[in-house]
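entry-v1.cif (mmCIF, C-alpha atoms and all ligand atoms) appears below.
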data_target
loop_
_atom_site.label_atom_id
_atom_site.label_comp_id
_atom_site.auth_asym_id
_atom_site.auth_seq_id
_atom_site.Cartn_x
_atom_site.Cartn_y
_atom_site.Cartn_z
CA MET X 11 85.97 82.80 95.69
CA SER X 12 82.56 83.40 94.23
CA GLY X 13 81.39 86.76 92.91
CA GLU X 14 83.00 89.90 91.57
CA LEU X 15 85.17 92.03 93.84
CA SER X 16 83.71 95.37 94.89
CA PRO X 17 85.33 98.59 93.54
CA ILE X 18 86.79 99.25 96.99
CA ASP X 19 88.47 95.85 97.07
CA LYS X 20 89.79 96.41 93.56
CA ALA X 21 91.20 99.76 94.72
CA LYS X 22 92.88 98.06 97.67
CA PHE X 23 94.20 95.31 95.42
CA VAL X 24 95.77 97.62 92.84
CA ALA X 25 97.41 99.74 95.56
CA ALA X 26 98.86 96.59 97.12
CA LYS X 27 99.98 95.15 93.78
CA LYS X 28 101.71 98.40 92.81
CA ALA X 29 103.48 98.50 96.18
CA THR X 30 105.07 95.10 95.53
CA GLU X 31 107.42 97.04 93.20
CA TYR X 32 109.19 98.23 96.36
CA VAL X 33 110.06 94.62 97.25
CA GLU X 34 113.08 92.74 95.91
CA SER X 35 114.57 89.35 96.63
CA GLY X 36 116.71 89.29 99.74
CA MET X 37 114.71 92.00 101.51
CA ARG X 38 113.30 91.94 105.03
CA VAL X 39 109.76 93.25 104.68
CA GLY X 40 107.39 94.55 107.35
CA MET X 41 103.84 93.49 106.59
CA GLY X 42 100.91 95.52 107.92
CA THR X 43 97.50 94.53 109.20
CA GLY X 44 94.01 95.04 107.76
CA SER X 45 92.14 94.30 104.58
CA THR X 46 94.48 96.32 102.29
CA ALA X 47 97.61 94.85 103.86
CA ALA X 48 96.07 91.38 103.43
CA TRP X 49 96.04 92.01 99.65
CA LEU X 50 99.72 92.87 99.85
CA VAL X 51 100.48 89.63 101.68
CA ARG X 52 98.51 87.63 99.10
CA CYS X 53 100.34 89.36 96.22
CA LEU X 54 103.74 88.75 97.84
CA GLY X 55 102.80 85.13 98.50
CA GLU X 56 101.98 84.69 94.84
CA MET X 57 105.36 86.17 93.87
CA VAL X 58 107.12 83.83 96.31
CA ARG X 59 105.36 80.79 94.88
CA ASP X 60 105.33 81.68 91.18
CA ASP X 61 108.23 84.08 90.56
CA GLY X 62 110.88 82.83 92.98
CA LEU X 63 110.81 85.96 95.17
CA ARG X 64 112.84 85.33 98.34
CA ILE X 65 111.93 87.55 101.28
CA LYS X 66 111.69 87.35 105.03
CA GLY X 67 108.49 88.91 106.36
CA VAL X 68 107.91 90.55 109.73
CA PRO X 69 104.17 90.63 110.44
CA THR X 70 102.49 93.30 112.57
CA SER X 71 99.84 91.00 114.08
CA THR X 72 99.01 87.37 114.66
CA ARG X 73 96.40 87.69 111.86
CA THR X 74 98.99 88.81 109.34
CA ALA X 75 101.48 86.18 110.53
CA GLU X 76 98.92 83.44 109.93
CA LEU X 77 98.02 84.71 106.46
CA ALA X 78 101.69 85.12 105.50
CA ARG X 79 102.51 81.55 106.51
CA ASN X 80 99.44 80.28 104.66
CA VAL X 81 100.56 81.93 101.42
CA GLY X 82 104.14 80.66 101.72
CA ILE X 83 106.06 83.68 103.05
CA GLU X 84 108.88 82.98 105.50
CA VAL X 85 107.97 84.72 108.74
CA ILE X 86 110.57 85.98 111.21
CA SER X 87 110.31 88.18 114.30
CA LEU X 88 111.39 91.82 114.34
CA ASP X 89 114.19 90.92 116.74
CA GLU X 90 115.46 88.31 114.28
CA ALA X 91 115.29 90.83 111.44
CA LYS X 92 116.68 93.70 113.57
CA TRP X 93 116.10 96.19 110.74
CA LEU X 94 113.78 96.14 107.74
CA ASP X 95 114.24 97.30 104.16
CA VAL X 96 110.63 98.31 103.75
CA THR X 97 107.29 98.12 105.58
CA ILE X 98 104.07 98.19 103.61
CA ASP X 99 100.85 98.80 105.53
CA GLY X 100 97.35 100.21 105.21
CA ALA X 101 95.98 103.29 106.96
CA ASP X 102 92.64 104.67 108.10
CA GLU X 103 93.45 108.21 106.97
CA PHE X 104 96.37 110.04 105.35
CA ASP X 105 96.83 113.79 104.84
CA GLY X 106 98.85 115.92 102.44
CA ASP X 107 101.98 115.59 104.63
CA LEU X 108 101.57 111.79 104.58
CA ASN X 109 100.76 111.78 108.27
CA LEU X 110 98.40 108.97 109.20
CA ILE X 111 95.74 107.65 111.51
CA LYS X 112 96.18 103.92 111.99
CA GLY X 113 94.84 101.32 114.36
CA GLY X 114 91.36 100.70 112.98
CA GLY X 115 92.32 97.03 113.09
CA GLY X 116 93.79 97.35 116.57
CA ALA X 117 97.41 96.62 115.58
CA LEU X 118 98.81 100.16 115.88
CA LEU X 119 101.48 99.34 118.46
CA GLN X 120 103.25 96.62 116.49
CA GLU X 121 102.63 98.59 113.29
CA LYS X 122 104.38 101.68 114.64
CA ILE X 123 107.32 99.69 116.03
CA VAL X 124 107.78 97.83 112.74
CA ALA X 125 107.38 100.91 110.52
CA THR X 126 109.84 102.89 112.63
CA ALA X 127 112.39 100.08 112.29
CA SER X 128 112.28 100.29 108.47
CA ASP X 129 114.31 102.17 105.90
CA ARG X 130 111.04 103.04 104.16
CA MET X 131 107.34 102.92 105.07
CA VAL X 132 104.92 102.64 102.17
CA VAL X 133 101.20 103.05 102.84
CA ILE X 134 98.65 101.43 100.55
CA ALA X 135 95.18 102.89 100.55
CA ASP X 136 92.05 103.37 98.51
CA ALA X 137 91.38 106.98 97.51
CA GLY X 138 88.68 107.39 100.19
CA LYS X 139 91.35 107.43 102.91
CA GLU X 140 92.75 110.79 101.81
CA VAL X 141 91.72 113.77 104.00
CA ASP X 142 92.51 117.48 104.28
CA ALA X 143 92.84 117.18 108.06
CA LEU X 144 93.14 114.01 110.15
CA GLY X 145 90.47 113.16 112.70
CA ALA X 146 87.18 112.22 111.07
CA PHE X 147 88.22 108.60 111.69
CA PRO X 148 88.20 107.98 115.47
CA LEU X 149 91.78 108.07 116.76
CA PRO X 150 92.70 104.78 118.46
CA ILE X 151 94.95 104.78 121.49
CA GLU X 152 96.20 101.60 123.10
CA VAL X 153 95.90 101.59 126.91
CA ILE X 154 96.86 99.00 129.48
CA PRO X 155 93.86 97.26 131.09
CA PHE X 156 94.90 98.26 134.64
CA GLY X 157 92.91 101.36 135.53
CA TRP X 158 91.76 101.93 131.95
CA GLN X 159 88.81 104.05 133.08
CA THR X 160 91.14 106.32 135.04
CA THR X 161 93.34 106.60 131.95
CA GLN X 162 90.26 107.40 129.85
CA ALA X 163 89.27 110.17 132.31
CA LEU X 164 92.80 111.61 132.22
CA VAL X 165 92.87 111.55 128.42
CA GLU X 166 89.48 113.26 128.19
CA GLU X 167 90.35 115.91 130.79
CA THR X 168 93.63 116.71 129.08
CA LEU X 169 92.07 116.92 125.64
CA VAL X 170 89.22 119.12 126.89
CA SER X 171 91.84 121.45 128.41
CA MET X 172 93.55 121.55 124.98
CA ASP X 173 90.21 122.31 123.29
CA VAL X 174 90.57 119.12 121.27
CA LEU X 175 87.79 116.91 122.53
CA GLY X 176 84.36 117.19 124.08
CA ARG X 177 84.63 114.16 126.41
CA ASN X 178 83.90 111.77 123.63
CA SER X 179 85.87 108.55 123.72
CA SER X 180 84.78 104.93 123.74
CA LEU X 181 86.28 101.63 124.77
CA ARG X 182 86.52 99.40 121.70
CA MET X 183 84.47 96.24 122.16
CA ASN X 184 84.60 92.77 120.68
CA GLY X 185 81.02 91.62 121.15
CA ASP X 186 80.24 91.94 124.87
CA ALA X 187 83.88 92.06 126.00
CA PRO X 188 86.55 94.74 125.59
CA PHE X 189 88.70 94.29 122.49
CA VAL X 190 92.12 92.90 123.44
CA THR X 191 95.19 93.68 121.33
CA ASP X 192 98.00 91.22 120.55
CA GLU X 193 99.84 92.86 123.45
CA GLY X 194 96.95 92.19 125.87
CA ASN X 195 95.85 95.84 126.01
CA HIS X 196 92.61 97.70 125.28
CA ILE X 197 91.82 100.39 122.70
CA LEU X 198 90.13 103.73 123.36
CA ASP X 199 88.73 105.41 120.25
CA LEU X 200 88.80 109.21 120.45
CA HIS X 201 86.07 110.93 118.45
CA LEU X 202 87.74 114.20 117.53
CA ASN X 203 86.33 115.13 114.10
CA ARG X 204 89.35 117.26 113.21
CA ILE X 205 92.85 117.27 114.65
CA GLY X 206 94.38 120.73 114.34
CA ASN X 207 97.88 119.81 115.51
CA PRO X 208 98.48 116.05 115.14
CA ARG X 209 102.17 116.29 116.07
CA GLN X 210 101.41 117.95 119.42
CA LEU X 211 98.52 115.60 120.14
CA ALA X 212 100.67 112.52 119.50
CA LEU X 213 103.29 113.76 121.96
CA VAL X 214 100.76 114.69 124.65
CA LEU X 215 98.94 111.35 124.46
CA ASN X 216 102.11 109.31 124.80
CA GLN X 217 103.09 111.17 127.98
CA MET X 218 100.03 109.93 129.88
CA PRO X 219 100.44 107.02 132.29
CA GLY X 220 98.44 104.06 131.00
CA VAL X 221 98.70 105.08 127.36
CA VAL X 222 100.96 102.68 125.53
CA GLU X 223 100.76 104.20 122.03
CA ASN X 224 98.53 106.30 119.83
CA GLY X 225 97.46 105.82 116.22
CA LEU X 226 98.96 109.05 114.87
CA PHE X 227 101.90 108.22 112.59
CA ILE X 228 103.80 111.51 112.19
CA ASP X 229 106.83 111.71 109.88
CA ILE X 230 106.95 107.94 109.56
CA CYS X 231 105.41 107.33 106.13
CA ASP X 232 107.62 107.94 103.07
CA SER X 233 105.19 107.09 100.26
CA VAL X 234 101.50 106.42 99.75
CA VAL X 235 100.19 104.29 96.91
CA VAL X 236 96.60 105.34 96.26
CA GLY X 237 94.35 102.84 94.49
CA HIS X 238 91.11 103.48 92.57
CA GLY X 239 88.33 101.05 91.74
CA ASP X 240 88.98 101.35 88.00
CA GLY X 241 92.59 100.18 88.35
CA ARG X 242 94.31 103.59 88.44
CA VAL X 243 97.08 104.06 90.99
CA GLU X 244 99.07 107.12 92.03
CA VAL X 245 102.29 107.09 94.00
CA ARG X 246 102.79 110.04 96.38
CA ASP X 247 106.23 110.66 97.80
CA ILE X 248 107.00 112.72 100.91
CA ASN X 249 109.75 114.67 99.14
CA ALA X 250 108.50 114.81 95.57
CA GLY X 251 104.67 114.83 95.61
CA THR X 252 102.95 112.63 93.03
CA VAL X 253 105.74 110.76 91.32
CA GLU X 254 103.89 108.18 89.26
CA GLN X 255 100.50 107.37 87.78
CA ASP X 256 99.72 103.92 86.46
CA ARG X 257 96.83 101.60 85.69
CA LEU X 258 96.83 97.94 86.71
CA GLU X 259 94.65 95.08 85.55
CA PHE X 260 92.89 93.02 88.16
CA VAL X 261 93.77 89.41 87.39
CA GLU X 262 91.92 86.82 89.42
CA THR X 263 94.00 83.75 90.14
CA ASP X 264 93.11 80.81 92.36
CA ASN X 265 96.25 81.38 94.42
CA LEU X 266 95.40 84.96 95.18
CA PHE X 267 92.01 84.00 96.50
CA ALA X 268 93.02 80.83 98.36
CA ASP X 269 92.35 82.22 101.84
CA LEU X 270 89.06 83.82 100.80
CA ASP X 271 87.44 80.59 99.63
CA ASP X 272 84.19 79.76 101.36
O1 LIG X 301 95.91 100.37 111.02
C1 LIG X 301 95.40 99.34 110.63
C2 LIG X 301 95.23 98.17 111.51
O2 LIG X 301 95.58 98.44 112.83
C3 LIG X 301 94.94 99.22 109.23
O3 LIG X 301 96.03 99.42 108.39
C4 LIG X 301 93.89 100.24 108.97
O4 LIG X 301 92.85 100.04 109.91
C5 LIG X 301 93.33 100.12 107.55
O5 LIG X 301 92.64 98.93 107.42
P1 LIG X 301 91.95 98.52 106.06
O6 LIG X 301 93.03 98.29 105.06
O7 LIG X 301 91.19 97.26 106.40
O8 LIG X 301 91.03 99.65 105.66
#

As structure tokens, what does this structure read like?
Amino acid sequence: MSGELSPIDKAKFVAAKKATEYVESGMRVGMGTGSTAAWLVRCLGEMVRDDGLRIKGVPTSTRTAELARNVGIEVISLDEAKWLDVTIDGADEFDGDLNLIKGGGGALLQEKIVATASDRMVVIADAGKEVDALGAFPLPIEVIPFGWQTTQALVEETLVSMDVLGRNSSLRMNGDAPFVTDEGNHILDLHLNRIGNPRQLALVLNQMPGVVENGLFIDICDSVVVGHGDGRVEVRDINAGTVEQDRLEFVETDNLFADLDD
């Protein structure tokens, strides 16, 4: 790959690299979706090829499955794995209770199923993803295509009645057509600004007909590895707060960049 990585990509890389410490040979590993999770998959692929790491990976999207196979990770389905030792994934926002907004990449449904089927969920994120209160990032909800506009109206009406939303949601697009998830559904992005009670909102959303899943991950994440552009990383733990601070070097290897080559 030509050119220097941006500070944000370095931050994502060091978070991902640090999180590989949660992975040992023989484990079944859930692998997230997005640009940070892609660094994790590349790092694990390098360890499989160069260090003899033996893992079975369960991807959370077709994109991640393709990348994992390309870097030499054995890919199995969640039903083959049945239960996972650890899932490592990115996030769009995390708060002080390690609750998350996910789904910016549109893979929230598989991501939530996989994370919930894991002994441990580790989030990897650059420092800019940390917030006091969730909601500045638009909250994605996955809805079935049938009657999606009726579902959107129901969601908006309900949220207005809860004083959460001023009728501000949008259908996610992919060019001129609605974005379609791996499950064949659409995504509505809810522009909320600030979510006062994420736990209640997650429950309310999932009770609505037509809503398949929402991007609030409540009480699912166990640890967050926060990366900085200068190589510093911090590990936050749900029970123990910040448990570790470290600094990693960014080492460019051809293997790591194989899928990024022009
Ligand atoms: O939830 C996700 C995909 O559905 C991603 O983890 C989230 O959008 C973060 O992505 P990135 O690492 O590219 O910032």

- Query: How would you write, as a ChimeraX atom specification, the set of residues no farther than 9 Å from ligand LIG 301 (chain X) when counting all atoms listed in the file?
  - Reply: /X:22,42-49,70-71,99-103,111-121,133-136,139,150,225

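Take CA of Leu77 (chain X) and CA of Met57 (chain X): the distance between them is 14.6 Å.
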
Taking 5 positions as the minimum chain separation for residues in the same chain, which residues sit within 12 Å of region 236-240 of chain X when counting all atoms listed in the file? Answer as a short mmCIF file (atom, residue, chain, number, x, y, z; two decimals) with C-alpha atoms, in the coordinates of the input.
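Saved file out.cif follows:
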data_model
loop_
_atom_site.label_atom_id
_atom_site.label_comp_id
_atom_site.auth_asym_id
_atom_site.auth_seq_id
_atom_site.Cartn_x
_atom_site.Cartn_y
_atom_site.Cartn_z
CA LEU X 15 85.17 92.03 93.84
CA SER X 16 83.71 95.37 94.89
CA PRO X 17 85.33 98.59 93.54
CA ILE X 18 86.79 99.25 96.99
CA ASP X 19 88.47 95.85 97.07
CA LYS X 20 89.79 96.41 93.56
CA ALA X 21 91.20 99.76 94.72
CA LYS X 22 92.88 98.06 97.67
CA PHE X 23 94.20 95.31 95.42
CA VAL X 24 95.77 97.62 92.84
CA ALA X 25 97.41 99.74 95.56
CA ALA X 26 98.86 96.59 97.12
CA LYS X 27 99.98 95.15 93.78
CA LYS X 28 101.71 98.40 92.81
CA ALA X 29 103.48 98.50 96.18
CA THR X 46 94.48 96.32 102.29
CA GLY X 100 97.35 100.21 105.21
CA ALA X 101 95.98 103.29 106.96
CA GLU X 103 93.45 108.21 106.97
CA PHE X 104 96.37 110.04 105.35
CA LEU X 108 101.57 111.79 104.58
CA VAL X 132 104.92 102.64 102.17
CA VAL X 133 101.20 103.05 102.84
CA ILE X 134 98.65 101.43 100.55
CA ALA X 135 95.18 102.89 100.55
CA ASP X 136 92.05 103.37 98.51
CA ALA X 137 91.38 106.98 97.51
CA GLY X 138 88.68 107.39 100.19
CA LYS X 139 91.35 107.43 102.91
CA GLU X 140 92.75 110.79 101.81
CA VAL X 245 102.29 107.09 94.00
CA ARG X 246 102.79 110.04 96.38
CA ASP X 247 106.23 110.66 97.80
CA THR X 252 102.95 112.63 93.03
CA VAL X 253 105.74 110.76 91.32
CA GLU X 254 103.89 108.18 89.26
CA GLN X 255 100.50 107.37 87.78
CA ASP X 256 99.72 103.92 86.46
CA ARG X 257 96.83 101.60 85.69
CA LEU X 258 96.83 97.94 86.71
CA GLU X 259 94.65 95.08 85.55
CA PHE X 260 92.89 93.02 88.16
#

- Query: Within 10 Å of Ile86 (chain X), counting all atoms listed in the file, which residues qualify if same-chain residues fewer than 5 places away don't, as number ranges by chain?
  - Reply: X: 38-40, 66-69, 75, 91

- Item | Atom-to-atom span, CA of Gln217 (chain X) and CA of Arg182 (chain X), Å | 21.3 Å

Set the distance at 8 Å and use all atoms listed in the file: which residues neighbour Val81 (chain X) once local chain neighbours fewer than 4 positions away are removed? I'd like the list as a compact mmCIF listing (two decimals) with C-alpha atoms, in the coordinates of the input.
# COMPACT_ATOMS: atom_id res chain seq x y z
CA VAL X 51 100.48 89.63 101.68
CA ARG X 52 98.51 87.63 99.10
CA GLY X 55 102.80 85.13 98.50
CA GLU X 56 101.98 84.69 94.84
CA LEU X 77 98.02 84.71 106.46

- Task: Give the answer as one residue: which of X:Val96, X:Leu198, X:Leu110, X:Val221 has the shortest atom-to-atom distance to Ile154 (chain X), using all atoms listed in the file?
- Result: X:Val221

- Query: For Asp192 (chain X), which of X:Arg64, X:Arg73, X:Arg59, X:Arg79 is the closest residue, counting only C-alpha atoms?
  - Reply: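 Selected residue with least distance to Asp192 (chain X): X:Arg73.
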
- Item | Shell of 6 Å around region 141-148 of chain X, all atoms listed in the file, local chain residues under 3 positions omitted, as a ChimeraX atom specification | /X:105,199-205

- What separation in Å, quoted to one decimal, exists between CA of Asn216 (chain X) and CA of Gly251 (chain X)? 29.8 Å

Scan for residues within 9 Å of the point (116.6, 96.2, 111.5) in the coordinates of the file, using all atoms listed in the file, and reply as a PDB file with C-alpha atoms, in the frame of the given file.
ATOM      1  CA  ARG X  38     113.300  91.940 105.030  1.00  0.00           C
ATOM      2  CA  LEU X  88     111.390  91.820 114.340  1.00  0.00           C
ATOM      3  CA  ASP X  89     114.190  90.920 116.740  1.00  0.00           C
ATOM      4  CA  GLU X  90     115.460  88.310 114.280  1.00  0.00           C
ATOM      5  CA  ALA X  91     115.290  90.830 111.440  1.00  0.00           C
ATOM      6  CA  LYS X  92     116.680  93.700 113.570  1.00  0.00           C
ATOM      7  CA  TRP X  93     116.100  96.190 110.740  1.00  0.00           C
ATOM      8  CA  LEU X  94     113.780  96.140 107.740  1.00  0.00           C
ATOM      9  CA  ASP X  95     114.240  97.300 104.160  1.00  0.00           C
ATOM     10  CA  ALA X 127     112.390 100.080 112.290  1.00  0.00           C
ATOM     11  CA  SER X 128     112.280 100.290 108.470  1.00  0.00           C
ATOM     12  CA  ASP X 129     114.310 102.170 105.900  1.00  0.00           C
TER      13      ASP X 129
END

- Message: Between X:Asn249, X:Ser35, X:Thr72, X:Gln159, which residue has the minimum interatomic distance to Glu193 (chain X), considering all atoms listed in the file?
- Response: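 Between X:Asn249, X:Ser35, X:Thr72, X:Gln159, the residue approaching Glu193 (chain X) most closely is X:Thr72.
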
- Message: Nearest residue to Met172 (chain X) out of X:Gly62, X:Gly106, X:Gly82, X:Gly206, using only C-alpha atoms?
- Response: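 Distance minimum relative to Met172 (chain X) lands on X:Gly206.
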
- Note on the structure: Counting all atoms listed in the file, the residue among X:Ile98, X:Glu262, X:Ser180, X:Met131 that lies closest to Gln162 (chain X) is X:Ser180

- Message: So, with only C-alpha atoms as the atoms that count, which of X:Val170, X:Asn109, X:Asp60, X:His196 lies closest to Glu223 (chain X)?
- Response: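 Using only C-alpha atoms, the shortest distance to Glu223 (chain X) belongs to X:His196.
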
Using the atoms already present, construct N, CA and C atoms for region 163-182 of chain X and hand them back as an mmCIF file, in the frame of the given file.
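Now in rebuild10.cif:
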data_model
loop_
_atom_site.group_PDB
_atom_site.id
_atom_site.type_symbol
_atom_site.label_atom_id
_atom_site.label_comp_id
_atom_site.auth_asym_id
_atom_site.auth_seq_id
_atom_site.Cartn_x
_atom_site.Cartn_y
_atom_site.Cartn_z
ATOM 1 N N ALA X 163 89.648 108.879 131.718
ATOM 2 C CA ALA X 163 89.270 110.170 132.310
ATOM 3 C C ALA X 163 90.404 111.182 132.144
ATOM 4 N N LEU X 164 91.634 110.714 132.355
ATOM 5 C CA LEU X 164 92.800 111.610 132.220
ATOM 6 C C LEU X 164 92.941 112.099 130.781
ATOM 7 N N VAL X 165 92.767 111.186 129.842
ATOM 8 C CA VAL X 165 92.870 111.550 128.420
ATOM 9 C C VAL X 165 91.796 112.594 128.099
ATOM 10 N N GLU X 166 90.576 112.338 128.528
ATOM 11 C CA GLU X 166 89.480 113.260 128.190
ATOM 12 C C GLU X 166 89.708 114.635 128.817
ATOM 13 N N GLU X 167 90.103 114.623 130.106
ATOM 14 C CA GLU X 167 90.350 115.910 130.790
ATOM 15 C C GLU X 167 91.434 116.698 130.077
ATOM 16 N N THR X 168 92.503 116.018 129.722
ATOM 17 C CA THR X 168 93.630 116.710 129.080
ATOM 18 C C THR X 168 93.199 117.263 127.725
ATOM 19 N N LEU X 169 92.450 116.467 126.970
ATOM 20 C CA LEU X 169 92.070 116.920 125.640
ATOM 21 C C LEU X 169 91.036 118.045 125.717
ATOM 22 N N VAL X 170 90.163 117.992 126.709
ATOM 23 C CA VAL X 170 89.220 119.120 126.890
ATOM 24 C C VAL X 170 90.021 120.385 127.187
ATOM 25 N N SER X 171 91.052 120.257 128.061
ATOM 26 C CA SER X 171 91.840 121.450 128.410
ATOM 27 C C SER X 171 92.615 121.982 127.201
ATOM 28 N N MET X 172 92.859 121.110 126.213
ATOM 29 C CA MET X 172 93.550 121.550 124.980
ATOM 30 C C MET X 172 92.545 121.989 123.914
ATOM 31 N N ASP X 173 91.259 121.963 124.264
ATOM 32 C CA ASP X 173 90.210 122.310 123.290
ATOM 33 C C ASP X 173 90.163 121.354 122.113
ATOM 34 N N VAL X 174 90.507 120.083 122.368
ATOM 35 C CA VAL X 174 90.570 119.120 121.270
ATOM 36 C C VAL X 174 89.359 118.191 121.276
ATOM 37 N N LEU X 175 88.779 117.976 122.446
ATOM 38 C CA LEU X 175 87.790 116.910 122.530
ATOM 39 C C LEU X 175 86.695 117.284 123.508
ATOM 40 N N GLY X 176 85.467 116.981 123.157
ATOM 41 C CA GLY X 176 84.360 117.190 124.080
ATOM 42 C C GLY X 176 83.985 115.915 124.812
ATOM 43 N N ARG X 177 84.883 115.369 125.610
ATOM 44 C CA ARG X 177 84.630 114.160 126.410
ATOM 45 C C ARG X 177 83.937 113.074 125.597
ATOM 46 N N ASN X 178 84.534 112.729 124.516
ATOM 47 C CA ASN X 178 83.900 111.770 123.630
ATOM 48 C C ASN X 178 84.904 110.689 123.223
ATOM 49 N N SER X 179 85.020 109.680 124.066
ATOM 50 C CA SER X 179 85.870 108.550 123.720
ATOM 51 C C SER X 179 85.141 107.277 124.112
ATOM 52 N N SER X 180 85.477 106.182 123.423
ATOM 53 C CA SER X 180 84.780 104.930 123.740
ATOM 54 C C SER X 180 85.773 103.775 123.800
ATOM 55 N N LEU X 181 85.483 102.858 124.678
ATOM 56 C CA LEU X 181 86.280 101.630 124.770
ATOM 57 C C LEU X 181 85.881 100.726 123.608
ATOM 58 N N ARG X 182 86.868 100.288 122.820
ATOM 59 C CA ARG X 182 86.520 99.400 121.700
ATOM 60 C C ARG X 182 86.092 98.020 122.240
#
